[in-house]
Structure formats: structure tokens, C-alpha cells
Amino acid sequence: MKNTRVAVDVGGTFTDVCIMDETTGAIRIEKTSSTPDDPMQAILNGIEQGGIDLSTVSMFSHGTTVATNALITRNLARTAMICTEGFRDVVEIRRANKEDLWDTYKDVAKPYIPRRDRLVVKECVDADGTVLEPLDEEGALSVAHILKKRNVASVAICFMNSYTNGANEERMREILLSVMPDIPVSVSSQVLPEIFEHERFSTTMANAAVSPSVVDYVERLEGKLSDGGYERDLLLLHTGGGVMTPASVKDFAARLAGSGIAAGAIASRFIGNLCGFENSIGFDMGGTSTDVSLVYEGKSRVTKDWYIEYGYPIRFPSIEVLTIGAGGGSLAWKDEGGSLRNGPQSAGAFPGPACYKNGNKVATNTDANVVLGRLGTSLAGGKITLDPDLAETAVRESVAEPFGMELHEAAEAVVAVANANMANAVRLLSISRGYDPRDFALVAFGGAGALHGAAIARELSIPTVIVPPNPGVTSALGCLLVDIQHDFSESFMAAAATTKPADIEAAFSRLEALAAERLSHEGVVPKDILMQRTVEMMYQGQWRSLAVAAPSEVTDIDVLIDGFHSEHEREFNYRRDDAPVSIFRVGLAATGMVPKAELQTHKIEKNTPTTDAMRDVWFGGKAFPAMVFERDNLSAGATFEGPAIVEQFDSTIVIPPNTTAEVDTYKNILIRVQE
């Protein structure tokens, strides 16, 4: 009987395995050390440790870092690009901008494909899609033979204006495959059929560059799972918040870049909705970084302005996640102006914080929390023991003495600077986008999120903090909560006022036919397919567009225009109803619905839990006697007041003074923050 769902999230230090029983909704977790040389080995180790019988698994989903790490480290197979003659340097010229305009010494990174492997052929398509010059097939064949001699592992084909007519690209692909039948080929008119050649070329280049390593990894993992008895598709999480099967990975490998980050945002959205909050902010704080995401009216915020390295956008729709260098291992340091700073430098997994006893002498956030009594002397169920004396020494020597502070004052200063950094990240994703944090709940997870969540909420006047049952493996849980999803788009440049609804309907019909074909290829039946339409619009003269939801049948253009004015006012706090509006692009999110298993519920019985221990915890320069609870001992309906500490296998929760906590039917802890 196939009644088990398994999700795996591979991190830099640990690989988390989340195992759900479909019958009861009960979840159990396993953590195993990651194996950077071959991430698949850690997955197999986790399966073995968890005692998982793959023949009983109905769904296996996976958030992978393979594509992300390949781009970050540039450990890429040799990849080539074939361009229209005269345009081989589009990806090197970029937009001629820099991440820091004032740093004259810092150069933008080189393209993933060096110039010597960017070759050209003659062809020409105009902006209307008319083929002015067919592909020079003799030249194309010569290029194919050159690339074969160079033993390239993957090829990107990027021709000018191919987004309006991809015939020349398709012919180039046919010629290339006739010479090298098994080579993966990424075609820009298929990968990203949109205007703006740099973004299209860059996305196709990244897709081709990661394709060999990603496809090899997926095929090997799929084979191992099949050998173990798993009979269904391996589902791989992509940045858009859905999953894809190995059949789609071969053509859209770059969609897996940022896969693991999206998992936490998905889980945060699910947990917020589960607790009755359509508006929520995900706060995922780990050992090295903090990821912040936002959900408004039940939907994650999506962006196309995304990249691994500045200057090389990957324009697939992605859940917007803001990452900063703030985590449990972030180092406290003194800058040239004499101010206390926190991160982005990190002690890493090894040696880790000073209290880990691995030789680090510099204070970290973890050390400061130990000094303040907010963390106990053991983590991960006793697998890691913490030395409070080493933590005190690090805080004293790194912060207290250099700044002339008392020990606990210094520890609180370290935490306060970290909290300020993380609160600013939340502001960037909320207030600067036109959202009021007071209208949101904060979902705090990750190994350290629950330590700092209540303080961040108080800083931003967020009234409620939600801590999931297993904060440390919440990202893995996110992999269990997704559907098969693909995004399609087509350029549609026209004045909105003169556009006929039938023309937009024709564009959507083309996209829906492509979507139905791809989802059918992945085994999704028509009744499980959901299509969500968007139209991207802008005021005439602008070049940045906003996506507006479109109905299942467009009959009135004025409805779309009114929707654009409203969205522009919310995003930028102004609207121009008298200004002409342009349509830029039509988009389609095609979802193949996957049956969801419900999380286990527990009967609510109001109670005041019994304290497992007491210890002094410092807040605001004063030590408070705080109750300490084991989370496993807290039943649904339990309520208590801060200050309190809740300890569990994968995290520690801080409930400060002037807050109350309650355990809901799903065993989430809801912390109410008083002004």
C-alpha cells in the first residue's frame, strides 16, 4: 500500500528528510550530514536512517542545490553558444551596468560561456517575425563540426528576434543534433520566448550551462529510487513554487537554480494559511543566512528579476525571496568607524560558534544567545553540546572589552544588531513594496528563526508569530505541499486601448495548448489542470511592467486597464488614470494538481502546561526567571505567558516578556506580541 510521502531538502550542512503518513497526517523527520561531493549520497543515507520502504512511497519530492551550486562555483561542463552573426557579445555587454556603481575596481563576473565558445552563423528575422535571411545551413554545419571537435557538453542557441519566430533556431538545432545526436540543446525561443535579448540570451546560457550536471544528477537519483522500489515520478522543486518531473528538467534545468530557497517560502505560505492568515511573512533563519518571503492574500510574491550572479538574469518566474548574511553563526565585529557589526561573515558549519568547541574565538549570534540564557547547553537532541564558558569568553573578548560593555549588555548588543539587520530585510520586502507589516503574521522557522522571531515582530509591530511544529525542517515540509507547475509567456506589445479581446484570447489559447501538451507529457490528466492567466502592462513610455490577473475569458479590455491602475497604486502609491497604458506580455501559470495529504490534527483542550525546568534569561538588561518547556510535552490548547523557552530537537523558541503563547490544533505555537 502506497501511503507514505517523502520530501528531501539538501542544505550546506544537513540534509533534511520529512516523512508523512498519508493515512494519519503524522510527520517524522530525519537529519543527516550533507555530502557536497555527491548530494545524492546524503539522500540515500537519509532514506536508510529513516527506515523508508520506497515501494510504499506514493510521492518523492526534492529541493536540490545542484544547479545553484554549479552556477555559484562555476563547476560547469564546457558549454557553447551559437548566435546571430554580430551578436556573440550580447551576454558580455549585458546592460552595461554594475551592482555597485561607485566601486570602480570591482568588475562584473564573466559570462558562463567564454567568448571563444560563442560562435556565430548568418540568419536574420525582423521584429515582426518575418525571415529576412534564412539560416546559412553550410555555416551552421561547419559550426556543429567545430563544437564536436571541441567536445562541448551542451549548447545554447540564441538568435535575434527569435521570440517572434523561432524557425531558424529550430533548424540550427536539427543540424546540430545531426552531428552530435545526444547533446543537450537549449533554444532561446523555447526557454524564454520574450523580447530583450540580453535577458533571453542570459537565461538560455544558464540553462545550457547547468543542463549536463543537473540531468546527470536527476537520472542517477531517479535510477537509485527505482532500484529501491519507487515506481512514480521523482518531483523536483523549482523556483516558481511548483515541481517538475525529470522529463521537463532536460529542457529547463535552470529552473532548479534556487530550488531549496523556494521550499521554505512554500511551507511558510501553507502554514500561514493553515492558521487563518492570508497575509504572512516567512522568516527562515539558519546558520549562515536568513531568507525572507512574503504572502499577500494567500499568494506568494513572484518576481522575474532574479539571478545567481549579478549581470546574468535567470528570467523564469520565481518566488521572491530576499536573502541576507545573518544566521546563528554570523560573526560580531568592529568596523573602521568603531561601530558594532554582525555578519555577513560566518563561522560556518566548522568551526562554528565558539561554544561548539572547535576552535573559533569570535562571538557569534549563537554564543550571544547562550550567554543570555536563551539557548541551553545542547542541540539536536544532545548530539551537539554547547560550552557556555567558551561562549562567554568569546563575547567578552570580541565585544564587551572592545566596546567597554558589561558581558550581558554586550551579548544583547550582538543580538540587537542582528535583529536590526533582519528587520530591515523584512522592511525591504514589505514596506518598500507597499505592504504594512501590521497586517501580516510572521512565520518563524529554520534552526534559529524561532530564537529571534518575536523580537523581529515587536520591532515591526507584527502582532502574531507562528512557529511550526518542526521549524528546522520546515523547508523540507514545503516540498510535500507543491503541485506540478510550469510558466509560459509570449510577447504582446500593443496599446491597451486599441487591443481587441479576441487578439489576447488567441495568445492565451496558444499558451494553453502548449501547457496542456507539456502537462499531459508529465502524466497529468485534464481534470487536474489549472490555468492562471496574467497580462503584464505599463504606462506608455515605461519599460518596467506589472502583472495583472486576467479572467478565464477576456471580454473587456477596460477591466484589465482598471486592474493595472489599482496594482500600480498599491505598488508605487500613485496612479494615472488619464495616461495611456501599454500591454507588454501575456503569461500563463499551468498547474497540475497533486493530491494533498492533510497534516495531523489534535484535539484542543485548554490547559496550562507544567514547567520542565526554570532558568534565568536576559531581556532588556535584566535577568528574568523563565519557564523552560519540552515541546513534545505541550499539547494542543496549551497557553502560557512569557518569558519562557521551548526546546525541541531541531530548534529553540524564545517567548519574551509581554507575550503570550498558545498551541493550536496542528501543534503550531502562536506567539501574540503585545505593544
# chains A, B, ... in the order shown; residues from 1 in each chain; ligands from 1
$ residues_around --residues "Thr364 (chain A)" --least-positions-apart "3" --cutoff "10 Å" --atoms "only C-alpha atoms" --output "mmCIF file with C-alpha atoms, in the first residue's frame"
data_model
loop_
_atom_site.group_PDB
_atom_site.id
_atom_site.type_symbol
_atom_site.label_atom_id
_atom_site.label_comp_id
_atom_site.auth_asym_id
_atom_site.auth_seq_id
_atom_site.Cartn_x
_atom_site.Cartn_y
_atom_site.Cartn_z
ATOM 1 C CA GLY A 327 22.377 33.421 10.914
ATOM 2 C CA GLY A 328 23.304 31.632 14.084
ATOM 3 C CA GLY A 329 26.950 31.547 13.016
ATOM 4 C CA SER A 330 27.212 35.207 11.931
ATOM 5 C CA LEU A 331 30.264 36.886 13.474
ATOM 6 C CA ALA A 332 30.231 40.050 15.579
ATOM 7 C CA TRP A 333 32.935 42.544 14.592
ATOM 8 C CA ASN A 342 27.017 41.463 12.682
ATOM 9 C CA GLY A 343 27.698 39.291 9.611
ATOM 10 C CA GLN A 345 30.862 36.810 7.715
ATOM 11 C CA SER A 346 30.048 33.465 9.290
ATOM 12 C CA ALA A 347 31.783 30.842 11.392
ATOM 13 C CA GLY A 352 31.066 27.045 14.005
ATOM 14 C CA PRO A 353 30.266 29.255 17.019
ATOM 15 C CA ALA A 354 32.809 29.436 19.853
ATOM 16 C CA CYS A 355 30.566 27.336 22.095
ATOM 17 C CA ASN A 360 36.566 29.613 16.908
ATOM 18 C CA LYS A 361 37.302 32.568 19.237
ATOM 19 C CA ASP A 367 27.241 32.492 21.517
ATOM 20 C CA ALA A 368 25.313 35.633 22.457
ATOM 21 C CA ASN A 369 22.085 33.636 22.857
ATOM 22 C CA VAL A 370 23.910 31.126 25.092
ATOM 23 C CA ALA A 391 30.595 31.499 24.653
ATOM 24 C CA ALA A 394 34.142 34.960 23.017
ATOM 25 C CA VAL A 395 31.519 37.622 23.789
ATOM 26 C CA SER A 398 35.155 40.156 20.925
ATOM 27 C CA ALA A 411 25.500 39.850 24.236
ATOM 28 C CA VAL A 414 25.127 41.444 19.325
ATOM 29 C CA VAL A 415 21.568 40.116 19.109
ATOM 30 C CA ALA A 418 21.434 41.002 14.082
#
$ residues_around --residues "region 665-669 of chain A" --least-positions-apart "4" --cutoff "6 Å" --atoms "only C-alpha atoms" --output "VMD selection string"
chain A and resid 466 to 469 601 to 602 604 636
$ atom_distance --atom1 "CA of Gly298 (chain A)" --atom2 "CA of Asn279 (chain A)"
6.3 Å
$ atom_distance --atom1 "CA of Glu137 (chain A)" --atom2 "CA of Ser202 (chain A)"
24.8 Å
$ residues_around --residues "Met1 (chain A)" --least-positions-apart "4" --cutoff "9 Å" --atoms "only C-alpha atoms" --output "PyMOL selection string"
chain A and resi 55-58
$ atom_distance --atom1 "CA of Ser34 (chain A)" --atom2 "CA of Asp291 (chain A)"
20.0 Å
$ select_by_dssp --residues "region 96-158 of chain A" --states "strand (DSSP E)" --output "list in words"
Arg118, Leu119, Val120, Val121, Cys124, Val125, Val131, Leu132, Glu133, Ser154, Val155, Ala156, Ile157 and Cys158 of chain A
$ write_last_selection --atoms "C-alpha atoms" --output "PDB file, in the first residue's frame"
ATOM      1  CA  ARG A 118      30.378  31.730 -28.543  1.00  0.00           C
ATOM      2  CA  LEU A 119      30.199  31.123 -32.293  1.00  0.00           C
ATOM      3  CA  VAL A 120      28.061  32.799 -34.968  1.00  0.00           C
ATOM      4  CA  VAL A 121      26.044  31.960 -38.072  1.00  0.00           C
ATOM      5  CA  CYS A 124      18.041  37.370 -39.861  1.00  0.00           C
ATOM      6  CA  VAL A 125      14.489  37.674 -38.520  1.00  0.00           C
ATOM      7  CA  VAL A 131      12.511  35.716 -42.011  1.00  0.00           C
ATOM      8  CA  LEU A 132      14.656  38.199 -43.939  1.00  0.00           C
ATOM      9  CA  GLU A 133      17.569  35.776 -44.286  1.00  0.00           C
ATOM     10  CA  SER A 154      25.907  21.431 -24.021  1.00  0.00           C
ATOM     11  CA  VAL A 155      24.854  24.171 -26.474  1.00  0.00           C
ATOM     12  CA  ALA A 156      22.683  27.301 -26.230  1.00  0.00           C
ATOM     13  CA  ILE A 157      21.148  28.665 -29.459  1.00  0.00           C
ATOM     14  CA  CYS A 158      20.333  32.379 -29.217  1.00  0.00           C
TER      15      CYS A 158
END
$ residues_around --residues "Ile314 (chain A)" --least-positions-apart "6" --cutoff "10 Å" --atoms "only C-alpha atoms" --output "ChimeraX atom specification"
/A:192,199-207,254-255,257,304-308
$ write_last_selection --atoms "C-alpha atoms" --output "PDB file, in the first residue's frame"
ATOM      1  CA  LEU A 192      12.215  32.215 -22.834  1.00  0.00           C
ATOM      2  CA  GLU A 199      17.688  38.540 -20.584  1.00  0.00           C
ATOM      3  CA  ARG A 200      16.711  35.878 -23.126  1.00  0.00           C
ATOM      4  CA  PHE A 201      20.316  35.040 -24.015  1.00  0.00           C
ATOM      5  CA  SER A 202      21.398  35.027 -20.352  1.00  0.00           C
ATOM      6  CA  THR A 203      18.591  32.699 -19.250  1.00  0.00           C
ATOM      7  CA  THR A 204      19.273  30.310 -22.133  1.00  0.00           C
ATOM      8  CA  MET A 205      23.019  30.411 -21.389  1.00  0.00           C
ATOM      9  CA  ALA A 206      22.435  29.497 -17.722  1.00  0.00           C
ATOM     10  CA  ASN A 207      20.005  26.772 -18.752  1.00  0.00           C
ATOM     11  CA  ALA A 254      17.967  26.330 -14.833  1.00  0.00           C
ATOM     12  CA  ARG A 255      14.524  26.361 -13.221  1.00  0.00           C
ATOM     13  CA  ALA A 257      18.524  27.133  -9.515  1.00  0.00           C
ATOM     14  CA  LYS A 304      11.456  37.742 -12.682  1.00  0.00           C
ATOM     15  CA  ASP A 305      14.348  39.933 -11.501  1.00  0.00           C
ATOM     16  CA  TRP A 306      16.400  37.033 -10.205  1.00  0.00           C
ATOM     17  CA  TYR A 307      19.981  35.897 -10.621  1.00  0.00           C
ATOM     18  CA  ILE A 308      22.760  33.869  -9.016  1.00  0.00           C
TER      19      ILE A 308
END
$ residues_around --residues "Gly563 (chain A)" --least-positions-apart "4" --cutoff "7 Å" --atoms "only C-alpha atoms" --output "list in words"
Val548, Val559 and Glu567 of chain A
$ residues_around --residues "Gly376 (chain A)" --least-positions-apart "2" --cutoff "12 Å" --atoms "only C-alpha atoms" --output "PyMOL selection string"
chain A and resi 355+366-374+378-382+384-388+391+451+613-617+628-630+645-648+651-654
$ write_last_selection --atoms "N, CA and C atoms" --output "compact mmCIF listing (two decimals), in the first residue's frame"
# COMPACT_ATOMS: atom_id res chain seq x y z
N CYS A 355 31.07 28.32 21.15
CA CYS A 355 30.57 27.34 22.09
C CYS A 355 30.53 25.92 21.53
N THR A 366 24.87 32.77 18.03
CA THR A 366 24.63 31.60 18.90
C THR A 366 25.30 31.79 20.25
N ASP A 367 26.54 32.26 20.25
CA ASP A 367 27.24 32.49 21.52
C ASP A 367 26.51 33.53 22.36
N ALA A 368 26.04 34.60 21.72
CA ALA A 368 25.31 35.63 22.46
C ALA A 368 24.03 35.07 23.06
N ASN A 369 23.32 34.23 22.33
CA ASN A 369 22.08 33.64 22.86
C ASN A 369 22.37 32.67 24.01
N VAL A 370 23.52 31.99 23.97
CA VAL A 370 23.91 31.13 25.09
C VAL A 370 24.18 31.97 26.33
N VAL A 371 24.92 33.06 26.16
CA VAL A 371 25.23 33.95 27.29
C VAL A 371 23.96 34.51 27.91
N LEU A 372 22.96 34.81 27.07
CA LEU A 372 21.71 35.39 27.56
C LEU A 372 20.75 34.34 28.12
N GLY A 373 21.14 33.08 28.07
CA GLY A 373 20.29 32.02 28.60
C GLY A 373 19.18 31.60 27.67
N ARG A 374 19.14 32.16 26.47
CA ARG A 374 18.07 31.83 25.54
C ARG A 374 18.29 30.47 24.89
N SER A 378 22.66 22.16 24.91
CA SER A 378 22.70 21.07 23.92
C SER A 378 21.75 21.38 22.78
N LEU A 379 22.08 20.84 21.60
CA LEU A 379 21.26 20.98 20.41
C LEU A 379 21.07 19.61 19.77
N ALA A 380 20.07 19.54 18.88
CA ALA A 380 19.82 18.31 18.10
C ALA A 380 19.68 17.09 19.00
N GLY A 381 18.88 17.25 20.05
CA GLY A 381 18.63 16.13 20.93
C GLY A 381 19.85 15.63 21.67
N GLY A 382 20.81 16.51 21.93
CA GLY A 382 22.02 16.13 22.66
C GLY A 382 23.18 15.75 21.78
N ILE A 384 24.80 17.70 19.82
CA ILE A 384 25.76 18.79 19.90
C ILE A 384 25.67 19.41 21.29
N THR A 385 26.78 19.43 22.01
CA THR A 385 26.80 20.07 23.33
C THR A 385 27.49 21.43 23.22
N LEU A 386 26.97 22.41 23.94
CA LEU A 386 27.48 23.77 23.89
C LEU A 386 28.21 24.10 25.19
N ASP A 387 29.32 24.80 25.07
CA ASP A 387 30.12 25.19 26.24
C ASP A 387 29.85 26.65 26.56
N PRO A 388 29.09 26.94 27.63
CA PRO A 388 28.76 28.33 27.95
C PRO A 388 29.98 29.16 28.35
N ALA A 391 31.47 30.45 25.19
CA ALA A 391 30.60 31.50 24.65
C ALA A 391 30.84 32.82 25.38
N LEU A 451 14.25 31.66 17.60
CA LEU A 451 15.00 32.38 18.63
C LEU A 451 14.79 33.88 18.52
N ALA A 613 11.52 22.95 33.63
CA ALA A 613 12.69 23.50 34.33
C ALA A 613 12.54 25.01 34.39
N MET A 614 13.44 25.65 35.11
CA MET A 614 13.50 27.11 35.17
C MET A 614 14.95 27.53 34.93
N ARG A 615 15.15 28.69 34.28
CA ARG A 615 16.48 29.27 34.20
C ARG A 615 16.38 30.77 33.94
N ASP A 616 17.43 31.47 34.29
CA ASP A 616 17.46 32.91 34.09
C ASP A 616 17.74 33.23 32.63
N VAL A 617 16.92 34.12 32.07
CA VAL A 617 17.08 34.56 30.69
C VAL A 617 17.07 36.08 30.68
N VAL A 628 10.94 26.77 31.25
CA VAL A 628 11.51 26.01 30.14
C VAL A 628 10.62 24.79 29.89
N PHE A 629 10.15 24.65 28.65
CA PHE A 629 9.27 23.54 28.28
C PHE A 629 9.94 22.67 27.21
N GLU A 630 9.68 21.38 27.25
CA GLU A 630 9.99 20.50 26.14
C GLU A 630 8.78 20.52 25.20
N ILE A 645 10.93 29.58 27.50
CA ILE A 645 11.76 28.96 26.48
C ILE A 645 11.15 27.60 26.15
N VAL A 646 11.03 27.30 24.85
CA VAL A 646 10.55 25.99 24.42
C VAL A 646 11.67 25.32 23.63
N GLU A 647 12.10 24.15 24.09
CA GLU A 647 13.20 23.45 23.45
C GLU A 647 12.69 22.22 22.72
N GLN A 648 13.31 21.92 21.56
CA GLN A 648 12.97 20.73 20.81
C GLN A 648 14.17 20.27 20.02
N SER A 651 15.20 23.00 17.10
CA SER A 651 15.15 24.45 17.27
C SER A 651 14.88 24.78 18.74
N THR A 652 15.03 26.07 19.06
CA THR A 652 14.67 26.60 20.38
C THR A 652 13.82 27.84 20.17
N ILE A 653 12.73 27.95 20.92
CA ILE A 653 11.78 29.05 20.75
C ILE A 653 11.88 29.98 21.96
N VAL A 654 12.02 31.27 21.68
CA VAL A 654 12.06 32.27 22.75
C VAL A 654 10.73 33.01 22.78
$ residues_around --residues "Asp126 (chain A)" --least-positions-apart "6" --cutoff "9 Å" --atoms "only C-alpha atoms" --output "PyMOL selection string"
chain A and resi 132+160-162+164-165
$ select_by_dssp --residues "region 73-140 of chain A" --states "helix (DSSP H, G or I)" --output "ChimeraX atom specification"
/A:73,90-93,115-117,137-140
$ write_last_selection --atoms "all heavy atoms" --output "short mmCIF file (atom, residue, chain, number, x, y, z; two decimals), in the first residue's frame"
data_model
loop_
_atom_site.label_atom_id
_atom_site.label_comp_id
_atom_site.auth_asym_id
_atom_site.auth_seq_id
_atom_site.Cartn_x
_atom_site.Cartn_y
_atom_site.Cartn_z
N THR A 73 29.75 28.05 -7.96
CA THR A 73 31.15 27.60 -8.02
C THR A 73 31.70 27.62 -9.44
O THR A 73 32.91 27.49 -9.62
CB THR A 73 31.28 26.17 -7.45
OG1 THR A 73 30.52 25.26 -8.28
CG2 THR A 73 30.75 26.10 -6.03
N VAL A 90 26.48 39.86 -26.77
CA VAL A 90 25.32 40.38 -26.04
C VAL A 90 25.41 40.05 -24.55
O VAL A 90 25.19 40.90 -23.69
CB VAL A 90 24.00 39.83 -26.63
CG1 VAL A 90 22.84 40.05 -25.66
CG2 VAL A 90 23.70 40.50 -27.96
N VAL A 91 25.79 38.80 -24.22
CA VAL A 91 25.83 38.41 -22.81
C VAL A 91 27.03 39.01 -22.08
O VAL A 91 27.07 39.00 -20.85
CB VAL A 91 25.85 36.87 -22.65
CG1 VAL A 91 24.51 36.28 -23.08
CG2 VAL A 91 27.00 36.24 -23.41
N GLU A 92 28.02 39.52 -22.82
CA GLU A 92 29.16 40.15 -22.16
C GLU A 92 28.95 41.65 -22.00
O GLU A 92 29.36 42.25 -21.01
CB GLU A 92 30.44 39.89 -22.96
CG GLU A 92 31.70 40.25 -22.20
CD GLU A 92 32.77 39.19 -22.29
OE1 GLU A 92 32.65 38.27 -23.13
OE2 GLU A 92 33.72 39.25 -21.51
N ILE A 93 28.27 42.26 -22.96
CA ILE A 93 27.93 43.69 -22.84
C ILE A 93 26.88 43.89 -21.75
O ILE A 93 26.88 44.89 -21.04
CB ILE A 93 27.42 44.22 -24.20
CG1 ILE A 93 28.52 44.11 -25.25
CG2 ILE A 93 26.94 45.66 -24.08
CD1 ILE A 93 28.04 44.37 -26.66
N ARG A 115 34.09 33.74 -24.53
CA ARG A 115 33.91 34.24 -25.89
C ARG A 115 34.35 33.23 -26.95
O ARG A 115 33.73 33.13 -28.02
CB ARG A 115 34.67 35.56 -26.07
CG ARG A 115 34.26 36.33 -27.32
CD ARG A 115 34.93 37.70 -27.35
NE ARG A 115 34.28 38.55 -28.34
CZ ARG A 115 34.63 38.64 -29.62
NH1 ARG A 115 35.64 37.89 -30.06
NH2 ARG A 115 33.99 39.43 -30.45
N ARG A 116 35.40 32.49 -26.67
CA ARG A 116 35.91 31.55 -27.68
C ARG A 116 34.90 30.46 -28.00
O ARG A 116 34.99 29.82 -29.06
CB ARG A 116 37.23 30.93 -27.20
CG ARG A 116 37.10 30.03 -25.98
CD ARG A 116 38.44 29.44 -25.57
NE ARG A 116 38.33 28.63 -24.35
CZ ARG A 116 38.40 29.11 -23.12
NH1 ARG A 116 38.62 30.41 -22.94
NH2 ARG A 116 38.29 28.32 -22.07
N ASP A 117 33.96 30.22 -27.09
CA ASP A 117 32.95 29.18 -27.33
C ASP A 117 31.59 29.78 -27.71
O ASP A 117 30.58 29.08 -27.73
CB ASP A 117 32.79 28.30 -26.08
CG ASP A 117 33.97 27.38 -25.87
OD1 ASP A 117 34.60 27.00 -26.88
OD2 ASP A 117 34.29 27.05 -24.71
N GLU A 137 22.87 27.27 -43.81
CA GLU A 137 22.99 25.89 -43.36
C GLU A 137 24.41 25.35 -43.52
O GLU A 137 24.86 24.53 -42.72
CB GLU A 137 21.99 25.01 -44.11
CG GLU A 137 20.54 25.41 -43.84
CD GLU A 137 19.55 24.31 -44.14
OE1 GLU A 137 19.99 23.22 -44.56
OE2 GLU A 137 18.34 24.53 -43.94
N GLU A 138 25.12 25.83 -44.52
CA GLU A 138 26.51 25.40 -44.67
C GLU A 138 27.35 25.90 -43.50
O GLU A 138 28.15 25.16 -42.93
CB GLU A 138 27.08 25.91 -45.99
CG GLU A 138 28.49 25.40 -46.29
CD GLU A 138 29.00 25.86 -47.64
OE1 GLU A 138 28.17 26.23 -48.50
OE2 GLU A 138 30.23 25.85 -47.85
N GLY A 139 27.15 27.16 -43.13
CA GLY A 139 27.86 27.71 -41.98
C GLY A 139 27.44 27.04 -40.69
O GLY A 139 28.26 26.81 -39.80
N ALA A 140 26.15 26.72 -40.58
CA ALA A 140 25.64 26.05 -39.38
C ALA A 140 26.28 24.68 -39.22
O ALA A 140 26.65 24.26 -38.11
CB ALA A 140 24.13 25.92 -39.46
#
$ closest_residue --among "A:Glu99, A:Val594, A:Ala495, A:Lys299" --to "Met59 (chain A)" --atoms "only C-alpha atoms"
A:Val594
$ closest_residue --among "A:Leu670, A:Leu176, A:Met81, A:Ile29" --to "Ala450 (chain A)" --atoms "only C-alpha atoms"
A:Leu670
$ decode --residues "region 12-33 of chain A" --atoms "N, CA and C atoms" --output "CSV table (one decimal), in the first residue's frame"
chain,number,residue,atom,x,y,z
A,12,GLY,N,23.6,23.0,3.0
A,12,GLY,CA,25.0,23.0,3.0
A,12,GLY,C,25.6,22.1,4.1
A,13,THR,N,24.9,22.1,5.2
A,13,THR,CA,25.4,21.3,6.4
A,13,THR,C,24.6,20.0,6.6
A,14,PHE,N,23.3,20.1,6.6
A,14,PHE,CA,22.5,19.0,6.8
A,14,PHE,C,21.5,18.7,5.6
A,15,THR,N,21.2,17.5,5.4
A,15,THR,CA,20.1,17.1,4.5
A,15,THR,C,18.9,16.6,5.4
A,16,ASP,N,17.8,17.3,5.2
A,16,ASP,CA,16.6,17.1,6.0
A,16,ASP,C,15.6,16.2,5.2
A,17,VAL,N,15.1,15.2,5.9
A,17,VAL,CA,14.1,14.3,5.3
A,17,VAL,C,12.8,14.4,6.1
A,18,CYS,N,11.7,14.6,5.4
A,18,CYS,CA,10.4,14.8,6.0
A,18,CYS,C,9.6,13.6,5.5
A,19,ILE,N,9.0,12.8,6.4
A,19,ILE,CA,8.3,11.6,6.1
A,19,ILE,C,6.8,11.8,6.6
A,20,MET,N,5.9,11.7,5.7
A,20,MET,CA,4.5,11.9,6.1
A,20,MET,C,3.7,10.6,5.9
A,21,ASP,N,2.9,10.3,6.9
A,21,ASP,CA,1.9,9.1,6.7
A,21,ASP,C,0.6,9.7,6.2
A,22,GLU,N,0.3,9.3,5.0
A,22,GLU,CA,-0.9,9.9,4.3
A,22,GLU,C,-2.2,9.6,5.1
A,23,THR,N,-2.2,8.4,5.8
A,23,THR,CA,-3.4,8.0,6.5
A,23,THR,C,-3.7,8.8,7.7
A,24,THR,N,-2.7,9.1,8.5
A,24,THR,CA,-2.9,9.9,9.8
A,24,THR,C,-2.4,11.3,9.7
A,25,GLY,N,-1.6,11.7,8.7
A,25,GLY,CA,-1.1,13.0,8.6
A,25,GLY,C,0.1,13.2,9.5
A,26,ALA,N,0.5,12.2,10.2
A,26,ALA,CA,1.7,12.3,11.1
A,26,ALA,C,3.0,12.5,10.3
A,27,ILE,N,3.9,13.3,10.9
A,27,ILE,CA,5.1,13.6,10.2
A,27,ILE,C,6.3,13.2,11.2
A,28,ARG,N,7.3,12.6,10.6
A,28,ARG,CA,8.5,12.4,11.4
A,28,ARG,C,9.7,12.9,10.5
A,29,ILE,N,10.8,13.2,11.2
A,29,ILE,CA,11.9,13.8,10.5
A,29,ILE,C,13.2,13.1,10.7
A,30,GLU,N,14.1,13.2,9.7
A,30,GLU,CA,15.4,12.7,9.9
A,30,GLU,C,16.4,13.8,9.4
A,31,LYS,N,17.5,13.9,10.0
A,31,LYS,CA,18.6,14.8,9.6
A,31,LYS,C,19.9,14.0,9.4
A,32,THR,N,20.5,14.2,8.3
A,32,THR,CA,21.8,13.5,8.1
A,32,THR,C,22.8,14.5,7.5
A,33,SER,N,24.1,14.3,7.7
A,33,SER,CA,25.1,15.2,7.2
A,33,SER,C,25.1,15.2,5.6
